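A.B. asks: structure-v7.pdb (PDB, C-alpha atoms) pasted underneath:
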```pdb
ATOM      1  CA  THR D   1       0.000   0.000   0.000
ATOM      2  CA  ASN D   2       0.986   3.646  -0.370
ATOM      3  CA  LEU D   3       1.182   4.011   3.419
ATOM      4  CA  LYS D   4       3.694   1.171   3.801
ATOM      5  CA  LYS D   5       5.684   2.405   0.797
ATOM      6  CA  ASN D   6       5.859   5.974   2.141
ATOM      7  CA  LYS D   7       6.898   4.780   5.600
ATOM      8  CA  SER D   8       9.611   2.567   4.120
ATOM      9  CA  ILE D   9      10.939   5.457   2.037
ATOM     10  CA  MET D  10      11.056   7.768   5.053
ATOM     11  CA  LYS D  11      12.806   5.120   7.177
ATOM     12  CA  LEU D  12      15.471   4.754   4.496
ATOM     13  CA  ALA D  13      15.828   8.536   4.306
ATOM     14  CA  ILE D  14      16.335   8.760   8.072
ATOM     15  CA  LEU D  15      18.909   5.955   8.035
ATOM     16  CA  ALA D  16      20.783   7.640   5.197
ATOM     17  CA  THR D  17      20.768  10.958   7.059
ATOM     18  CA  LEU D  18      22.036   9.313  10.229
ATOM     19  CA  ALA D  19      24.808   7.581   8.292
ATOM     20  CA  ALA D  20      25.839  10.868   6.713
ATOM     21  CA  SER D  21      25.864  12.540  10.134
ATOM     22  CA  ALA D  22      28.066   9.773  11.542
ATOM     23  CA  VAL D  23      30.528  10.104   8.657
ATOM     24  CA  ALA D  24      30.804  13.828   9.365
ATOM     25  CA  PHE D  25      32.581  13.017  12.629
ATOM     26  CA  ALA D  26      35.056  10.587  11.091
ATOM     27  CA  PRO D  27      38.692  11.696  11.261
ATOM     28  CA  ALA D  28      40.314  13.061   8.136
ATOM     29  CA  GLN D  29      42.867  10.749   6.583
ATOM     30  CA  VAL D  30      44.495  13.199   4.198
ATOM     31  CA  ALA D  31      47.786  14.929   5.001
ATOM     32  CA  GLN D  32      47.262  18.673   5.129
ATOM     33  CA  THR D  33      49.729  21.511   4.850
ATOM     34  CA  SER D  34      49.665  24.294   7.421
ATOM     35  CA  THR D  35      48.753  26.795   4.694
ATOM     36  CA  SER D  36      45.671  24.818   3.676
ATOM     37  CA  LEU D  37      44.643  24.244   7.273
ATOM     38  CA  ASN D  38      44.744  27.967   8.007
ATOM     39  CA  ALA D  39      42.993  29.026   4.784
ATOM     40  CA  PHE D  40      39.541  29.308   6.364
ATOM     41  CA  ASP D  41      40.382  29.751  10.051
ATOM     42  CA  ASP D  42      38.767  33.195  10.042
ATOM     43  CA  ALA D  43      35.805  32.235   7.839
ATOM     44  CA  LEU D  44      32.267  32.980   8.926
ATOM     45  CA  GLY D  45      31.077  30.182  11.213
ATOM     46  CA  ALA D  46      34.548  29.281  12.500
ATOM     47  CA  GLN D  47      33.635  29.968  16.101
ATOM     48  CA  ALA D  48      34.590  28.711  19.546
ATOM     49  CA  PRO D  49      34.853  26.077  20.850
ATOM     50  CA  LEU D  50      35.469  24.099  17.619
ATOM     51  CA  GLY D  51      36.863  26.856  15.443
ATOM     52  CA  PHE D  52      37.024  25.842  11.783
ATOM     53  CA  PHE D  53      35.599  22.296  11.800
ATOM     54  CA  ASP D  54      36.396  20.171   8.749
ATOM     55  CA  PRO D  55      36.982  16.599  10.015
ATOM     56  CA  LEU D  56      36.835  15.095   6.512
ATOM     57  CA  GLY D  57      39.253  17.600   5.057
ATOM     58  CA  LEU D  58      36.817  18.602   2.317
ATOM     59  CA  VAL D  59      38.499  21.972   1.853
ATOM     60  CA  ALA D  60      41.946  21.013   3.114
ATOM     61  CA  ASP D  61      43.420  22.140  -0.216
ATOM     62  CA  GLY D  62      42.256  25.712   0.421
ATOM     63  CA  ASN D  63      40.008  25.720  -2.660
ATOM     64  CA  GLU D  64      37.868  28.850  -2.314
ATOM     65  CA  ALA D  65      35.329  27.793  -4.958
ATOM     66  CA  LYS D  66      34.749  24.462  -3.211
ATOM     67  CA  PHE D  67      34.369  26.205   0.138
ATOM     68  CA  ASP D  68      31.837  28.668  -1.301
ATOM     69  CA  ARG D  69      29.838  25.794  -2.818
ATOM     70  CA  LEU D  70      29.736  23.911   0.492
ATOM     71  CA  ARG D  71      28.787  27.086   2.367
ATOM     72  CA  TYR D  72      25.994  27.693  -0.170
ATOM     73  CA  VAL D  73      24.643  24.178   0.446
ATOM     74  CA  GLU D  74      24.982  24.545   4.220
ATOM     75  CA  LEU D  75      23.060  27.815   4.236
ATOM     76  CA  LYS D  76      20.282  26.485   2.029
ATOM     77  CA  HIS D  77      19.883  23.301   4.080
ATOM     78  CA  GLY D  78      19.910  25.359   7.270
ATOM     79  CA  ARG D  79      17.169  27.646   5.995
ATOM     80  CA  VAL D  80      15.029  24.701   4.913
ATOM     81  CA  ALA D  81      15.621  23.030   8.288
ATOM     82  CA  MET D  82      14.549  26.163  10.171
ATOM     83  CA  LEU D  83      11.307  26.229   8.191
ATOM     84  CA  ALA D  84      10.884  22.496   8.816
ATOM     85  CA  VAL D  85      11.211  22.866  12.590
ATOM     86  CA  VAL D  86       8.728  25.742  12.663
ATOM     87  CA  GLY D  87       6.325  23.796  10.428
ATOM     88  CA  TYR D  88       6.631  20.703  12.600
ATOM     89  CA  LEU D  89       5.829  22.651  15.762
ATOM     90  CA  ILE D  90       2.912  24.472  14.130
ATOM     91  CA  GLU D  91       1.392  21.180  12.982
ATOM     92  CA  LYS D  92       1.889  19.623  16.409
ATOM     93  CA  ALA D  93       0.022  22.593  17.849
ATOM     94  CA  GLY D  94      -2.954  21.702  15.626
ATOM     95  CA  ILE D  95      -2.751  24.820  13.451
ATOM     96  CA  ARG D  96      -3.838  24.257   9.838
ATOM     97  CA  LEU D  97      -4.519  26.369   6.764
ATOM     98  CA  PRO D  98      -8.175  26.953   5.941
ATOM     99  CA  GLY D  99      -9.822  25.362   2.928
ATOM    100  CA  ALA D 100      -9.167  22.238   0.869
ATOM    101  CA  ILE D 101      -5.872  20.807  -0.362
ATOM    102  CA  SER D 102      -7.475  19.026  -3.337
ATOM    103  CA  TYR D 103     -10.703  18.928  -5.343
ATOM    104  CA  ASP D 104     -11.738  15.632  -3.749
ATOM    105  CA  GLY D 105     -12.755  17.561  -0.635
ATOM    106  CA  THR D 106      -9.707  16.773   1.503
ATOM    107  CA  THR D 107      -9.098  19.778   3.733
ATOM    108  CA  PHE D 108      -5.877  20.887   5.383
ATOM    109  CA  ALA D 109      -7.537  20.122   8.728
ATOM    110  CA  ASP D 110      -7.858  16.469   7.640
ATOM    111  CA  ILE D 111      -4.078  16.085   7.332
ATOM    112  CA  PRO D 112      -2.406  14.694  10.475
ATOM    113  CA  ASP D 113       0.996  15.853  11.670
ATOM    114  CA  GLY D 114       4.345  14.148  11.291
ATOM    115  CA  PHE D 115       4.969  11.146   9.053
ATOM    116  CA  ASP D 116       1.264  10.247   9.027
ATOM    117  CA  ALA D 117       0.708  13.228   6.742
ATOM    118  CA  LEU D 118       2.532  11.441   3.915
ATOM    119  CA  ALA D 119      -0.245   8.888   3.569
ATOM    120  CA  ALA D 120      -3.019  11.457   3.935
ATOM    121  CA  ILE D 121      -1.932  14.056   1.375
ATOM    122  CA  PRO D 122      -3.559  13.323  -2.005
ATOM    123  CA  SER D 123      -1.498  13.221  -5.207
ATOM    124  CA  SER D 124      -2.691  16.663  -6.264
ATOM    125  CA  GLY D 125      -1.459  18.042  -2.953
ATOM    126  CA  PHE D 126       2.024  16.599  -3.522
ATOM    127  CA  LEU D 127       2.047  18.103  -7.025
ATOM    128  CA  GLN D 128       1.374  21.528  -5.534
ATOM    129  CA  ILE D 129       4.130  21.084  -2.968
ATOM    130  CA  PHE D 130       6.765  19.945  -5.464
ATOM    131  CA  GLY D 131       5.687  22.588  -7.961
ATOM    132  CA  PHE D 132       6.145  25.310  -5.354
ATOM    133  CA  ILE D 133       9.551  23.911  -4.359
ATOM    134  CA  GLY D 134      10.597  23.860  -8.014
ATOM    135  CA  PHE D 135       9.542  27.485  -8.424
ATOM    136  CA  LEU D 136      11.603  28.509  -5.385
ATOM    137  CA  GLU D 137      14.653  26.577  -6.594
ATOM    138  CA  ILE D 138      14.595  28.159 -10.045
ATOM    139  CA  PHE D 139      13.452  31.707  -9.391
ATOM    140  CA  VAL D 140      14.049  32.513  -5.704
ATOM    141  CA  MET D 141      16.609  30.386  -3.861
ATOM    142  CA  GLN D 142      19.623  31.454  -5.896
ATOM    143  CA  ASP D 143      21.485  34.597  -6.921
ATOM    144  CA  VAL D 144      19.531  35.019 -10.163
ATOM    145  CA  GLN D 145      20.843  38.487 -10.983
ATOM    146  CA  GLY D 146      24.419  37.877  -9.854
ATOM    147  CA  THR D 147      24.251  40.823  -7.452
ATOM    148  CA  GLY D 148      24.675  38.950  -4.155
ATOM    149  CA  GLU D 149      27.080  40.447  -1.603
ATOM    150  CA  PHE D 150      28.004  37.004  -0.264
ATOM    151  CA  VAL D 151      27.285  33.319  -0.719
ATOM    152  CA  GLY D 152      23.626  32.749   0.104
ATOM    153  CA  ASP D 153      22.491  36.309  -0.690
ATOM    154  CA  PHE D 154      19.272  35.646  -2.611
ATOM    155  CA  ARG D 155      17.723  39.113  -2.399
ATOM    156  CA  ASN D 156      18.016  39.640  -6.160
ATOM    157  CA  GLY D 157      17.284  43.339  -5.779
ATOM    158  CA  PHE D 158      13.818  42.585  -4.419
ATOM    159  CA  ILE D 159      13.756  41.756  -0.692
ATOM    160  CA  ASP D 160      15.978  43.788   1.612
ATOM    161  CA  TYR D 161      14.336  44.239   5.054
ATOM    162  CA  GLY D 162      16.779  47.035   5.857
ATOM    163  CA  TRP D 163      19.936  44.974   5.254
ATOM    164  CA  ASP D 164      21.723  47.852   3.531
ATOM    165  CA  THR D 165      21.212  50.033   6.617
ATOM    166  CA  PHE D 166      23.436  47.789   8.780
ATOM    167  CA  ASP D 167      27.145  48.425   9.252
ATOM    168  CA  GLU D 168      29.621  45.700   8.263
ATOM    169  CA  ASP D 169      30.058  44.326  11.807
ATOM    170  CA  THR D 170      26.292  43.975  12.233
ATOM    171  CA  LYS D 171      25.999  42.218   8.873
ATOM    172  CA  VAL D 172      28.668  39.690   9.836
ATOM    173  CA  GLN D 173      26.999  39.127  13.212
ATOM    174  CA  LYS D 174      23.592  38.494  11.653
ATOM    175  CA  ARG D 175      25.048  36.150   9.047
ATOM    176  CA  ALA D 176      26.783  34.191  11.814
ATOM    177  CA  ILE D 177      23.512  33.985  13.749
ATOM    178  CA  GLU D 178      21.679  32.646  10.700
ATOM    179  CA  LEU D 179      24.406  30.088  10.033
ATOM    180  CA  ASN D 180      24.376  28.778  13.605
ATOM    181  CA  GLN D 181      20.573  28.753  13.788
ATOM    182  CA  GLY D 182      20.523  26.718  10.581
ATOM    183  CA  ARG D 183      23.044  24.243  11.963
ATOM    184  CA  ALA D 184      20.959  23.810  15.118
ATOM    185  CA  ALA D 185      17.778  23.427  13.061
ATOM    186  CA  MET D 186      19.311  20.665  10.912
ATOM    187  CA  MET D 187      20.088  18.686  14.050
ATOM    188  CA  GLY D 188      16.717  19.625  15.533
ATOM    189  CA  ILE D 189      14.507  18.430  12.680
ATOM    190  CA  LEU D 190      16.552  15.219  12.422
ATOM    191  CA  ALA D 191      16.015  14.579  16.143
ATOM    192  CA  LEU D 192      12.277  15.268  15.828
ATOM    193  CA  MET D 193      11.959  12.841  12.907
ATOM    194  CA  VAL D 194      13.975  10.065  14.559
ATOM    195  CA  HIS D 195      12.165  10.324  17.884
ATOM    196  CA  GLU D 196       8.789  10.305  16.164
ATOM    197  CA  LYS D 197       9.676   7.013  14.478
ATOM    198  CA  LEU D 198      10.914   5.687  17.826
ATOM    199  CA  GLY D 199       7.598   6.626  19.408
ATOM    200  CA  VAL D 200       9.245   8.974  21.896
ATOM    201  CA  SER D 201       8.120  12.530  21.249
ATOM    202  CA  LEU D 202      10.438  15.407  22.066
ATOM    203  CA  ILE D 203       7.465  17.773  22.238
ATOM    204  CA  PRO D 204       6.240  18.171  25.843
ATOM    205  CA  ASP D 205       2.551  17.666  26.551
ATOM    206  CA  LEU D 206       1.311  21.104  27.539
ATOM    207  CA  SER D 207      -2.369  20.122  27.754
ATOM    208  CA  GLU D 208      -2.169  19.770  31.536
ATOM    209  CA  LEU D 209      -0.935  23.341  31.841
ATOM    210  CA  LEU D 210      -3.787  24.843  29.828
TER     211      LEU D 210
END
```
Rewrite the structure of this file - the entire thing - as structure tokens.
C.D. replies:
Amino acid sequence: TNLKKNKSIMKLAILATLAASAVAFAPAQVAQTSTSLNAFDDALGAQAPLGFFDPLGLVADGNEAKFDRLRYVELKHGRVAMLAVVGYLIEKAGIRLPGAISYDGTTFADIPDGFDALAAIPSSGFLQIFGFIGFLEIFVMQDVQGTGEFVGDFRNGFIDYGWDTFDEDTKVQKRAIELNQGRAAMMGILALMVHEKLGVSLIPDLSELL
């Protein structure tokens, strides 16, 4: 059935994510020169107590283009993870969009939270989701105009929110905050997913306090 297939797919995805996380802590086995090791010591995100953390030596050669590509991926994944954590908590709180998700009468309120939603969302709903993601990937989540100040700057001359009014120190501080929040969110959504499958929720039951 679709339910069993979706659950199997998600279990495999979680296992793959866990394996990738475990590999991230494996020691690097490549000899590195002092020049390469120090190439990104002062890069954004190289903060105490770990400093610049590259256990696999992915940028041990000091390749700036490779570093920028990895930072781009890290930022994008962090932003998606932050949205995922917020979405997970909102669904757990029972908040849903009004109206229907498909023409068959299925409403947003009919969709459960967590992994159970995968079996409840109709095909037309998934098409909307993937279509929206595709739109963001092509037209929003990249430096379309080539005017970005830094890796991950996707304003494209449209959204600013007062960024240009900040001094350079404030800009660096806010970028570091976003980077660290994204890192925490990636670990957070992974923990929420794993514990849901284990049947041990990380979300406290607040019903007794209401």
A.B. asks: Please provide the set of residues having any atom within 9 Å of D:His77, restricted to all atoms listed in the file, with same-chain residues fewer than 5 positions apart removed, written as a ChimeraX atom specification.
C.D. replies: /D:72,82,182-183,186
A.B. asks: Atom CA of D:Glu168 to atom CA of D:Asp153: how many Å, to one decimal?
C.D. replies: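 The value is 14.8 Å.
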A.B. asks: Record the distance separating atom CA of D:Asp41 and atom CA of D:Asp54, expressed in Å with one decimal.
C.D. replies: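 Distance between the two atoms: 10.5 Å.
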A.B. asks: Go through D:Ile159, D:Val59, D:Leu97, D:Ala176 one by one, measure the shortest atom-to-atom distance of each to D:Ala46 using all atoms listed in the file, and give the residue with the smallest value.
C.D. replies: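 Nearest candidate to D:Ala46 out of D:Ile159, D:Val59, D:Leu97, D:Ala176: D:Ala176.
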A.B. asks: Can you work out which one of D:Gly134, D:Gly78, D:Ile111, D:Arg69 has the shortest atom-to-atom distance to D:Gly99, counting all atoms listed in the file?
C.D. replies: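 That would be D:Ile111, the residue with the smallest distance to D:Gly99.
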A.B. asks: For D:Met141, find every residue with an atom within 8 Å (counting all atoms listed in the file), except residues of its own chain fewer than 3 positions away, and show them as number ranges by chain.
C.D. replies: D: 76, 136-138, 154
A.B. asks: Any chance you could resolve the PyMOL selection byres ((chain D and resi 145) around 10) against this file and give the residues as a PyMOL selection string?
C.D. replies: chain D and resi 142-144+146-148+154-157
A.B. asks: Given only C-alpha atoms as the basis, pick out the residue of D:Glu149, D:Asp61, D:Asp104, D:Ala119 nearest to D:Trp163.
C.D. replies: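 Nearest candidate to D:Trp163 out of D:Glu149, D:Asp61, D:Asp104, D:Ala119: D:Glu149.
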A.B. asks: Specify as JSON, numbers by chain each residue included when the PyMOL selection byres ((chain D and resi 43) around 12) is applied to this file.
C.D. replies: {"D": [37, 38, 39, 40, 41, 42, 44, 45, 46, 47, 51, 52, 53, 62, 64, 67, 68, 71, 172, 175, 176, 179]}
A.B. asks: Between atom CA of D:Gln128 and atom CA of D:Ile101, what is the spacing in Å?
C.D. replies: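 That distance, rounded to one decimal, is 8.9 Å.
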A.B. asks: Which residues match the PyMOL selection byres ((chain D and resi 109) around 12) in the file above, as a CSV table (one decimal) with C-alpha atoms, keeping the file's coordinate frame?
C.D. replies:
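So out-v3.csv came out as:
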```csv
chain,number,residue,atom,x,y,z
D,91,GLU,CA,1.4,21.2,13.0
D,94,GLY,CA,-3.0,21.7,15.6
D,95,ILE,CA,-2.8,24.8,13.5
D,96,ARG,CA,-3.8,24.3,9.8
D,97,LEU,CA,-4.5,26.4,6.8
D,98,PRO,CA,-8.2,27.0,5.9
D,99,GLY,CA,-9.8,25.4,2.9
D,100,ALA,CA,-9.2,22.2,0.9
D,101,ILE,CA,-5.9,20.8,-0.4
D,105,GLY,CA,-12.8,17.6,-0.6
D,106,THR,CA,-9.7,16.8,1.5
D,107,THR,CA,-9.1,19.8,3.7
D,108,PHE,CA,-5.9,20.9,5.4
D,110,ASP,CA,-7.9,16.5,7.6
D,111,ILE,CA,-4.1,16.1,7.3
D,112,PRO,CA,-2.4,14.7,10.5
D,113,ASP,CA,1.0,15.9,11.7
D,117,ALA,CA,0.7,13.2,6.7
D,120,ALA,CA,-3.0,11.5,3.9
D,121,ILE,CA,-1.9,14.1,1.4
```
